[in-house]
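Working notes, beginning with the structure itself.
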Amino acid sequence: MNKELTGFVKAWEAAVRKSAGPKKRASSIFTPMSVAHVDDDDDARNGGEVSVTQVEKILPNGDFYTGQWLENGPHGQGKYLWTDGCMYVGEWQRGAITGKGRFSWPSGATYEGDFKSGYMDGKGTYTGSSGDTYKGCWVMELRHGQGTQSYPNGDFYDGEWRKGLQNGHGRYQWKNGNHYIGQWRNGVFYGNGTMMWSNGNRYDGSWEDGLPRGNGTFRWGDGSFYVGVWSRDSKEQSGTYYPSGSCVGHLEWDPQELFSVDLVECSICACEKVAIYPSQKSLNILDGDKMSRKGTDVNGRTRWSSADARVSNYSSEDGSHDGSRTSHGDNSVPRVPNLRLRPPKKQGETISKGHKNYDLMLNLQLGIRHAVGRPAPSTSLDLKSSAFDPKEKVWTKFPPEGSKHTPPHSSCEFRWKDYCPVVFRALRKLFKVDPADYMISLCGNDALRELSSPGKSGSFFYLTNDDRYMIKTMKKSEVKVFLRMLPGYYKHVRAFENTLVTKFFGLHCVKLTGTAQKKVRFVIMGNLFCSQYAIHRRFDLKGSTFGRTTDKPESEIEPTTTLKDLDLNYIFRLRKSWFQEFCRQVNKDCDFLEQERIMDYSMLVGLHFRGMSSCDNVTPPSGYSPGSTTPTGNGNMGDGAPRLSGVDVDHLVVDPSRWIQLGINMPARAESTVRKSCDTPQLVGQPTGELYEIIIFFGIIDILQDYDISKKLEHAYKAFQYDATTISAVDPRLYSRRFRDFIFRVFVED
């Protein structure tokens, strides 16, 4: 059997090398190892120390693993080969790819460096199949930190990266000798920087979205220069030309030539896209298939055991044997919690013809299409204070027969109001929302869905069919609060790219004409749980205990049930770099909300348990191939693989920078907790050591409640009856302090 297995492995590796094409042979990272005695392994199961053994394993789907093994998973040095040609050789820790290693793709691309929990993470070098090379720091398979990138066309970048894109200070040099030195943001020139051309010309000044914007100086090689305010819009361009001595050769020069001529060939080369990331590869190690484990007896002869440590009675010098082998036992650490899950269905009731809010939905869609599609000058992120004036609003009349600016429609006549349209146009640009996609999501052929019950405030919620956006109806008092804090909100979200506060995209009002004269005010927000992963549990956390429980037995809790503080039975472990960023951002966001006198907000948390049964999968959009996300040997999606829900496959799967960020699609671990039975409710239970691999989502919601007279009266009334520290309605300063204390106990560093 050993000879057959060795022959199979050699033939398999030869086929993989042939499919991968010519590439450099990796130097072996395996080191000599001592082979564990099977007798010691038996002793371990009787209470002794567990030994590391050598394993060779062929999986039912054709994958192959060889290397060191501890209990129920790889531990130490090992090699894993997938049937699609991918291969990992390196260090393992308790069943996870962790440590130094080398991952290779069938295309010839390779990564050699640090791994953590299956991710390229730490310092490493990626060499693409086309010849481009990145050498530097990685965080969760994204270029993040200091690094150098050599492009296949001869260009070169040396500088800082963030989430897979150039960000911070860096130098980019083109093959033709041109180069840029300065600040970057999201992969383009942004901030102060200098562009130098090989002909001796240069530009020093401000940049925005890859182009000169603001104050800057253009200098020619002969010493003459042009100083002014730069803009792609010629109407905003202004400046003065200063010749060098008697030279007047550039008097007729048009400053717009900087955009149309000089910068045309200065495009940034894109990094090679990775077809499949190591963390997306499914590991079939813990399946109940057959496996051989090799050891030596007291006489030095080779012996084999099955994974459950039954020793074969037959052994030979070449290691072949015909003893029975059985599949390994259950993993000692539970991988998924025991949750009751029903077959998935979309939240809410589709608003079709005959629904009481059908006309309102048509009005919303007509108004949004008109507001977003209306021609407008290019939006600058530097807004004037007048743009935030509460009186800055636009009324539009929508008669059924249509007008010069509005289309005919089948609904009743209504009036439409846009609040601060310039500000929200800038916010959509800041949040990188494409206007066409925005209109399709909100105003396409698919109807909105109304959530089954209104919130505690009496507001109604509507979801777009693709789950990207949520529409919430608002009271007049909430609109006033929002408009008051809008300047501070805009400044905050612009300054902090990773802010956890709700993203707002529009504030509107529909006024029905006729006898009703009904006004419906509503805000459009991003949906935190629009993801390729199914949400198995969701929590709304405030840090208070009074009334903070869901009165439902476990059997009635569904994935769509929002649980509260006293229902929480986990703490969440974030890796160090993410945890530090999380703490910084929570503090910044709470400082902002406290400054705006806001309270009663909460942290909305969603959990996807990796390895959960596929019965909870979200139906993928038409045309989507599961194998394109996580190819496995049989073409099916692996354990815990992404499940798309109406989102862009190319952007989400191929480019992780679009879908892994603070609070969105973050790999983490949840540790189960248990509360002690006592008279005073315990907010955070005691950790049990039972860990689950999760994908976690979180954000701060309900940020439009200020500490007004109604909340002050609520505080006085409840504080008279209950402990004042346990109720939600408290002063913003106290609320912020209590919220942070609680959140930093629930989220901890892993």
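Residue names in the structure tokens use chain letters A, B, ... in the order shown, residue numbers from 1 in each chain, and ligand numbers from 1 in the order shown.
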
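With only C-alpha atoms taken into account, the protein and nucleic acid residues at most 9 Å from stretch 564-571 of chain A (excluding it and anything under 5 positions from it in its own chain) are Arg538, Phe539, Asp540, Leu541, Lys542, Gly543, Ser544, Thr545, Gly547, Arg548, Thr549, Thr550, Arg669, Ala670, Glu671, Ser672, Thr673, Val674, Arg675, Pro681, Gln682, Leu683, Val684, Gly685, Pro687, Arg745, Val746, Phe747 and Val748 of chain A.
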
As a ChimeraX atom specification, please: the residues near A:Ser477 (cut-off 10 Å, only C-alpha atoms, same-chain neighbours under 3 positions excluded).
/A:474,480-482,704-706,708

May I have the residues from that selection written out with all heavy atoms, as a compact mmCIF listing (two decimals), in the first residue's frame?
# COMPACT_ATOMS: atom_id res chain seq x y z
N MET A 474 -39.19 58.76 8.57
CA MET A 474 -38.70 59.56 9.68
C MET A 474 -39.75 60.54 10.19
O MET A 474 -40.59 61.01 9.42
CB MET A 474 -37.45 60.35 9.25
CG MET A 474 -36.31 59.52 8.76
SD MET A 474 -34.93 60.54 8.24
CE MET A 474 -34.33 61.15 9.80
N LYS A 480 -35.10 67.21 11.66
CA LYS A 480 -34.47 68.42 12.21
C LYS A 480 -33.11 68.09 12.84
O LYS A 480 -32.13 68.82 12.67
CB LYS A 480 -35.39 69.07 13.24
CG LYS A 480 -36.59 69.79 12.62
CD LYS A 480 -37.41 70.48 13.70
CE LYS A 480 -38.54 71.30 13.09
NZ LYS A 480 -39.36 71.98 14.12
N VAL A 481 -33.07 66.98 13.60
CA VAL A 481 -31.81 66.57 14.23
C VAL A 481 -30.77 66.25 13.15
O VAL A 481 -29.60 66.66 13.25
CB VAL A 481 -32.03 65.35 15.14
CG1 VAL A 481 -30.69 64.78 15.62
CG2 VAL A 481 -32.89 65.72 16.34
N PHE A 482 -31.19 65.52 12.13
CA PHE A 482 -30.27 65.13 11.07
C PHE A 482 -29.70 66.35 10.35
O PHE A 482 -28.49 66.45 10.11
CB PHE A 482 -30.98 64.20 10.09
CG PHE A 482 -30.07 63.53 9.10
CD1 PHE A 482 -28.69 63.47 9.31
CD2 PHE A 482 -30.57 62.95 7.96
CE1 PHE A 482 -27.84 62.84 8.40
CE2 PHE A 482 -29.73 62.33 7.03
CZ PHE A 482 -28.37 62.28 7.26
N LEU A 704 -29.82 59.19 15.22
CA LEU A 704 -30.55 60.45 15.04
C LEU A 704 -31.44 60.79 16.23
O LEU A 704 -32.38 61.59 16.10
CB LEU A 704 -31.40 60.37 13.76
CG LEU A 704 -30.61 60.15 12.46
CD1 LEU A 704 -31.56 60.08 11.27
CD2 LEU A 704 -29.59 61.26 12.26
N GLN A 705 -31.15 60.23 17.39
CA GLN A 705 -31.93 60.55 18.59
C GLN A 705 -31.11 61.44 19.52
O GLN A 705 -30.10 61.02 20.08
CB GLN A 705 -32.33 59.26 19.33
CG GLN A 705 -33.09 59.51 20.62
CD GLN A 705 -34.40 60.24 20.41
OE1 GLN A 705 -35.28 59.75 19.70
NE2 GLN A 705 -34.55 61.42 21.01
N ASP A 706 -31.53 62.69 19.66
CA ASP A 706 -30.81 63.57 20.58
C ASP A 706 -31.47 63.52 21.96
O ASP A 706 -32.57 62.98 22.12
CB ASP A 706 -30.75 65.01 20.04
CG ASP A 706 -32.11 65.67 19.97
OD1 ASP A 706 -33.13 64.94 20.05
OD2 ASP A 706 -32.17 66.90 19.82
N ASP A 708 -33.43 65.06 23.94
CA ASP A 708 -34.41 66.14 23.99
C ASP A 708 -35.27 66.03 25.25
O ASP A 708 -35.04 65.17 26.12
CB ASP A 708 -35.27 66.15 22.72
CG ASP A 708 -36.00 64.83 22.51
OD1 ASP A 708 -36.01 63.98 23.44
OD2 ASP A 708 -36.56 64.63 21.41

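Shortest atom-to-atom contact with A:Gly124 among A:Gly101, A:Pro212, A:Pro421, A:Pro435: A:Gly101, counting only C-alpha atoms.
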
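For the set A:Ser107, A:Ser117, A:Ser677, A:Asn498, the residue with the smallest atom-to-atom gap to A:Ser279 is A:Ser117, counting only C-alpha atoms.
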
Applying 6 Å and only C-alpha atoms, which residues near A:Cys86 remain after dropping the ones on its own chain fewer than 5 positions away? List them as a count of residues only.
3

Tell me which protein, DNA and RNA residues are within 7 Å of stretch 385-394 of chain A, counting only C-alpha atoms, leaving out same-chain ones fewer than 2 positions away, and put them as an MDAnalysis selection string.
chainID A and resid 383 396 417:423 483 486:487

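Atom pair atom CA of A:Glu91 / atom CA of A:Gly78: separated by 6.3 Å.
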
Could you please write out, as number ranges by chain, every residue of stretch 47-150 of chain A that DSSP assigns to strand (DSSP E or B)?
A: 53-58, 64-70, 73-81, 87-93, 96-104, 110-116, 119-127, 133-139, 142-150

Students should find that atom CA of A:Trp416 and atom CA of A:Asp467 are spaced 24.4 Å

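By chain and then residue number, the residues within 8 Å of A:Ala96 are Pro74, Trp92, Gln93, Lys116, Ser117 and Gly118 of chain A, counting only C-alpha atoms and disregarding those fewer than 3 positions away in sequence.
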
For the residues selected in the previous step, produce a file with C-alpha atoms as a PDB file, in the first residue's frame.
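Result written to again39.pdb:
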ATOM      1  CA  PRO A  74      -2.278  19.092  10.366  1.00  0.00           C
ATOM      2  CA  TRP A  92       0.360  24.360   9.917  1.00  0.00           C
ATOM      3  CA  GLN A  93      -1.102  24.998  13.327  1.00  0.00           C
ATOM      4  CA  LYS A 116      -2.192  33.393   9.435  1.00  0.00           C
ATOM      5  CA  SER A 117      -5.350  31.272   9.652  1.00  0.00           C
ATOM      6  CA  GLY A 118      -5.230  30.526   5.934  1.00  0.00           C
TER       7      GLY A 118
END
